[in-house]
$ cat final00.txt   # compact mmCIF, C-alpha atoms
# COMPACT_ATOMS: atom_id res chain seq x y z
CA MET K 405 126.13 36.45 59.61
CA ARG K 406 129.69 35.12 59.41
CA THR K 407 128.44 31.86 57.84
CA LEU K 408 126.38 33.79 55.30
CA ALA K 409 129.44 35.87 54.34
CA ARG K 410 131.54 32.70 53.96
CA VAL K 411 128.88 31.13 51.72
CA PHE K 412 128.75 34.33 49.63
CA TRP K 413 132.54 34.50 49.20
CA THR K 414 132.74 30.77 48.42
CA PHE K 415 130.00 31.14 45.80
CA LEU K 416 131.80 34.14 44.31
CA ALA K 417 135.08 32.19 44.25
CA ILE K 418 133.39 29.26 42.50
CA ILE K 419 131.95 31.55 39.81
CA PHE K 420 135.36 33.19 39.40
CA LEU K 421 137.05 29.79 39.05
CA ILE K 422 134.47 28.61 36.51
CA GLU K 423 135.18 31.69 34.40
CA ALA K 424 138.95 31.17 34.80
CA TRP K 425 138.56 27.47 33.95
CA LEU K 426 136.55 28.31 30.81
CA TRP K 427 139.16 30.87 29.85
CA GLU K 428 141.97 28.37 30.41
CA LYS K 429 140.25 25.47 28.60
CA LEU K 430 138.82 27.40 25.64
CA GLU K 431 141.98 29.27 24.68
CA PRO K 432 143.67 26.11 23.33
CA VAL K 433 140.42 25.10 21.59
CA VAL K 434 140.19 28.48 19.87
CA ALA K 435 143.90 28.28 19.00
CA ALA K 436 143.35 24.80 17.52
CA LEU K 437 140.37 26.10 15.51
CA VAL K 438 142.43 29.02 14.25
CA ARG K 439 145.12 26.53 13.18
CA ALA K 440 142.54 24.17 11.60
CA ILE K 441 140.66 26.88 9.73
CA PRO K 442 142.80 28.47 7.07
CA LEU K 443 142.85 31.80 8.88
CA ALA K 444 146.56 31.87 9.59
CA ARG K 445 146.89 35.08 7.61
CA MET K 446 144.15 36.67 9.70
CA LYS K 447 145.89 35.58 12.92
CA LEU K 448 149.18 37.03 11.69
CA ALA K 449 147.38 40.21 10.64
CA ILE K 450 145.80 40.55 14.09
CA ALA K 451 149.17 40.00 15.79
CA ALA K 452 150.86 42.49 13.45
CA GLY K 453 148.09 45.02 13.96
CA VAL K 454 148.28 44.65 17.72
CA SER K 455 152.07 45.07 17.68
CA ARG K 456 151.68 48.41 15.87
CA LEU K 457 149.09 49.76 18.33
CA PRO K 458 150.04 51.67 21.44
CA PRO K 459 149.27 49.74 24.66
CA PHE K 460 146.15 51.75 25.61
CA ALA K 461 144.61 51.22 22.15
CA VAL K 462 144.99 47.45 22.50
CA LEU K 463 142.27 47.62 25.17
CA PHE K 464 139.76 48.49 22.46
CA VAL K 465 140.54 45.23 20.66
CA PHE K 466 138.58 43.48 23.43
CA LEU K 467 135.46 45.47 22.53
CA ILE K 468 135.26 43.70 19.16
CA PRO K 469 134.06 40.29 20.48
CA VAL K 470 131.78 42.02 22.99
CA ALA K 471 130.17 44.04 20.20
CA VAL K 472 129.88 41.06 17.86
CA LEU K 473 128.37 38.71 20.48
CA PHE K 474 126.04 41.24 22.13
CA PRO K 475 123.26 40.69 19.52
CA PHE K 476 123.36 36.94 20.23
CA LYS K 477 122.88 37.58 23.95
CA LEU K 478 119.95 39.86 23.11
CA ALA K 479 118.56 37.11 20.87
CA ALA K 480 118.81 34.72 23.83
CA LEU K 481 116.80 37.16 25.96
CA TRP K 482 114.20 37.49 23.20
CA LEU K 483 113.95 33.69 22.90
CA LEU K 484 113.52 33.50 26.66
CA SER K 485 110.69 36.04 26.52
CA GLU K 486 109.05 33.96 23.76
CA GLY K 487 109.12 30.87 25.98
CA GLN K 488 111.93 29.10 24.09
CA ILE K 489 113.87 28.39 27.26
CA LEU K 490 116.16 25.60 26.01
CA LEU K 491 116.98 27.42 22.79
CA ALA K 492 117.63 30.63 24.74
CA ILE K 493 119.97 28.82 27.11
CA GLY K 494 121.74 27.18 24.16
CA VAL K 495 122.25 30.49 22.33
CA TYR K 496 123.47 32.22 25.49
CA VAL K 497 125.87 29.42 26.44
CA LEU K 498 127.24 29.25 22.88
CA ALA K 499 127.74 33.04 22.82
CA LYS K 500 129.40 32.88 26.25
CA LEU K 501 131.75 30.06 25.22
CA VAL K 502 132.69 31.74 21.95
CA GLY K 503 133.17 35.06 23.75
CA VAL K 504 135.43 33.57 26.42
CA GLY K 505 137.39 31.60 23.82
CA VAL K 506 137.93 34.60 21.55
CA ALA K 507 138.79 36.83 24.53
CA ALA K 508 141.35 34.24 25.68
CA PHE K 509 142.88 34.15 22.20
CA LEU K 510 142.97 37.96 22.01
CA PHE K 511 144.41 38.25 25.52
CA GLU K 512 147.28 35.92 24.70
CA THR K 513 147.93 37.96 21.54
CA CYS K 514 147.67 41.31 23.34
CA LYS K 515 149.21 40.42 26.73
CA PRO K 516 152.76 41.68 26.02
CA LYS K 517 151.41 45.10 25.00
CA LEU K 518 148.90 45.24 27.86
CA LEU K 519 151.52 44.40 30.48
CA GLN K 520 153.51 47.47 29.38
CA MET K 521 150.89 49.61 31.13
CA GLY K 522 151.64 49.85 34.85
CA TRP K 523 148.02 49.87 35.99
CA PHE K 524 147.18 46.84 33.82
CA SER K 525 150.23 44.97 35.10
CA ALA K 526 149.11 45.68 38.69
CA LEU K 527 145.55 44.61 37.83
CA TYR K 528 146.85 41.39 36.26
CA ALA K 529 148.95 40.66 39.38
CA TRP K 530 145.84 41.31 41.54
CA PHE K 531 143.83 38.95 39.33
CA ARG K 532 146.45 36.23 39.82
CA ARG K 533 146.27 36.75 43.61
CA VAL K 534 142.46 36.52 43.51
CA TRP K 535 142.79 33.34 41.43
CA ALA K 536 145.11 31.84 44.08
CA TRP K 537 142.73 32.99 46.85
CA ALA K 538 139.74 31.41 45.09
CA HIS K 539 141.63 28.14 44.70
CA GLY K 540 142.62 28.26 48.35
CA LEU K 541 138.96 28.68 49.29
CA VAL K 542 137.44 26.15 46.88
CA ASP K 543 140.11 23.42 46.69
CA PRO K 544 139.46 22.06 50.22
CA ILE K 545 135.74 21.89 49.43
CA LYS K 546 136.50 20.05 46.18
CA ALA K 547 138.76 17.63 48.07
CA ARG K 548 136.00 16.89 50.61
CA ILE K 549 133.48 16.34 47.81
CA LYS K 550 135.88 14.01 45.98
CA ALA K 551 136.52 12.03 49.18
CA TRP K 552 132.79 11.81 49.87
CA MET K 553 132.12 10.64 46.29
CA ALA K 554 134.88 8.01 46.59
CA ARG K 555 133.31 6.69 49.80
CA LEU K 556 129.90 6.69 48.13
CA ARG K 557 131.25 4.78 45.12
CA GLY K 558 132.92 2.28 47.47
CA LYS K 559 129.67 1.70 49.34
CA ALA K 560 127.79 1.36 46.05
CA ARG K 561 130.34 -1.21 44.86
CA LEU K 562 130.00 -3.15 48.11
CA THR K 563 126.21 -3.01 47.91
CA PHE K 564 126.27 -4.14 44.29
CA ALA K 565 128.75 -6.93 45.09
CA GLY K 566 126.55 -8.11 47.97
CA ARG K 567 123.47 -8.19 45.78
CA LEU K 568 125.34 -9.96 43.03
CA GLY K 569 126.59 -12.56 45.54
CA ARG K 570 123.02 -13.18 46.75
CA VAL K 571 121.84 -13.68 43.17
CA ARG K 572 124.74 -16.07 42.47
CA ARG K 573 123.99 -18.14 45.60
CA TRP K 574 120.32 -18.26 44.69
CA MET K 575 121.17 -19.39 41.15
CA ARG K 576 123.48 -22.13 42.48
CA ARG K 577 120.78 -23.41 44.86
CA ARG K 578 118.27 -23.21 42.08
CA SER K 579 120.50 -25.18 39.68
CA SER K 580 121.18 -27.88 42.26
CA ALA K 581 117.42 -28.43 42.77
CA PRO K 582 115.72 -27.26 39.57
CA HIS K 583 112.24 -28.68 40.16
CA GLU K 584 111.87 -28.31 43.92
CA LYS K 585 109.79 -25.68 45.60
CA GLY K 586 110.60 -24.45 49.03
CA PRO K 587 112.46 -21.87 51.10
CA GLY K 588 115.56 -20.38 49.56
CA LEU K 589 114.44 -21.09 46.02
CA THR K 590 112.67 -17.80 45.49
CA PRO K 591 114.68 -14.97 43.96
CA PRO K 592 116.43 -12.80 46.55
CA ALA K 593 115.13 -9.29 47.14
CA LEU K 594 117.33 -6.73 45.48

$ encode --input "final00.txt" --output "structure tokens"
Amino acid sequence: MRTLARVFWTFLAIIFLIEAWLWEKLEPVVAALVRAIPLARMKLAIAAGVSRLPPFAVLFVFLIPVAVLFPFKLAALWLLSEGQILLAIGVYVLAKLVGVGVAAFLFETCKPKLLQMGWFSALYAWFRRVWAWAHGLVDPIKARIKAWMARLRGKARLTFAGRLGRVRRWMRRRSSAPHEKGPGLTPPAL
């Protein structure tokens, strides 16, 4: 039972870290898109609007991307029910990525106001502790996987080098006696 609980918590930590990684990686992408698309006035308007709102009202700003992207997630479910599995997965993943990216952008814009609320500040501190816990749980596993992959790559290189050496030796023997038949003049088994 203890092993099952550890597997469950590790799986939960991995999912949490994937979400945090997406959040972390997509926020700069969304920020770059906002800079690239001539929507600077909209960004300034959002920031100005958020600065005028009381802290509790800023929470409702996060409902906007949820409401806008919800129909796309429903469309993904409909596509799935119609047997369009790849298209459904594509629509869902795109909606998820856009949602996380926009939420990251909005969070960075709204964070100063949100942190003014005591309960949100405590929740944010708890989230940071969970993030550190998840890294503490998953990082050793990642390190073992990386070490295992490095050993595997090293063995593959050695195996490839050995096979390449056999082919080179065969080619040299073959070139020294081009018209002879006999042992050692057949291609080596790879």

$ residues_around --input "final00.txt" --residues "Ala499 (chain K)" --least-positions-apart "6" --cutoff "7 Å" --atoms "all atoms listed in the file" --output "ChimeraX atom specification"
/K:473,476-477

$ residues_around --input "final00.txt" --residues "Val465 (chain K)" --least-positions-apart "5" --cutoff "12 Å" --atoms "all atoms listed in the file" --output "VMD selection string"
chain K and resid 450 to 451 453 to 455 457 to 460 470 to 472 506 to 507 509 to 511 513 to 515 517 to 518

$ atom_distance --input "final00.txt" --atom1 "CA of Ala479 (chain K)" --atom2 "CA of Lys447 (chain K)"
28.5 Å

$ closest_residue --input "final00.txt" --among "K:Trp482, K:Gly505, K:Val495, K:Ala461" --to "Glu428 (chain K)" --atoms "all atoms listed in the file"
K:Gly505

$ residues_around --input "final00.txt" --residues "Ala492 (chain K)" --least-positions-apart "5" --cutoff "9 Å" --atoms "only C-alpha atoms" --output "list in words"
Lys477, Ala479, Ala480, Leu481, Trp482, Leu483, Leu484, Ser485, Gly487 and Val497 of chain K

$ closest_atom_pairs --input "final00.txt" --of "region 406-521 of chain K" --to "region 543-555 of chain K" --cutoff "12 Å" --atoms "all atoms listed in the file" --output "JSON lines"
{"residue": "K:Val411", "atom": "CA", "partner": "K:Ile545", "partner_atom": "CA", "distance": 11.7}
{"residue": "K:Thr414", "atom": "CA", "partner": "K:Ile545", "partner_atom": "CA", "distance": 9.4}
{"residue": "K:Phe415", "atom": "CA", "partner": "K:Ile545", "partner_atom": "CA", "distance": 11.5}
{"residue": "K:Ala417", "atom": "CA", "partner": "K:Asp543", "partner_atom": "CA", "distance": 10.4}
{"residue": "K:Ile418", "atom": "CA", "partner": "K:Asp543", "partner_atom": "CA", "distance": 9.8}
{"residue": "K:Leu421", "atom": "CA", "partner": "K:Asp543", "partner_atom": "CA", "distance": 10.4}

$ atom_distance --input "final00.txt" --atom1 "CA of Ala508 (chain K)" --atom2 "CA of Ala452 (chain K)"
17.6 Å

$ closest_residue --input "final00.txt" --among "K:Lys429, K:Arg557, K:Arg410, K:Arg577" --to "Leu541 (chain K)" --atoms "only C-alpha atoms"
K:Arg410
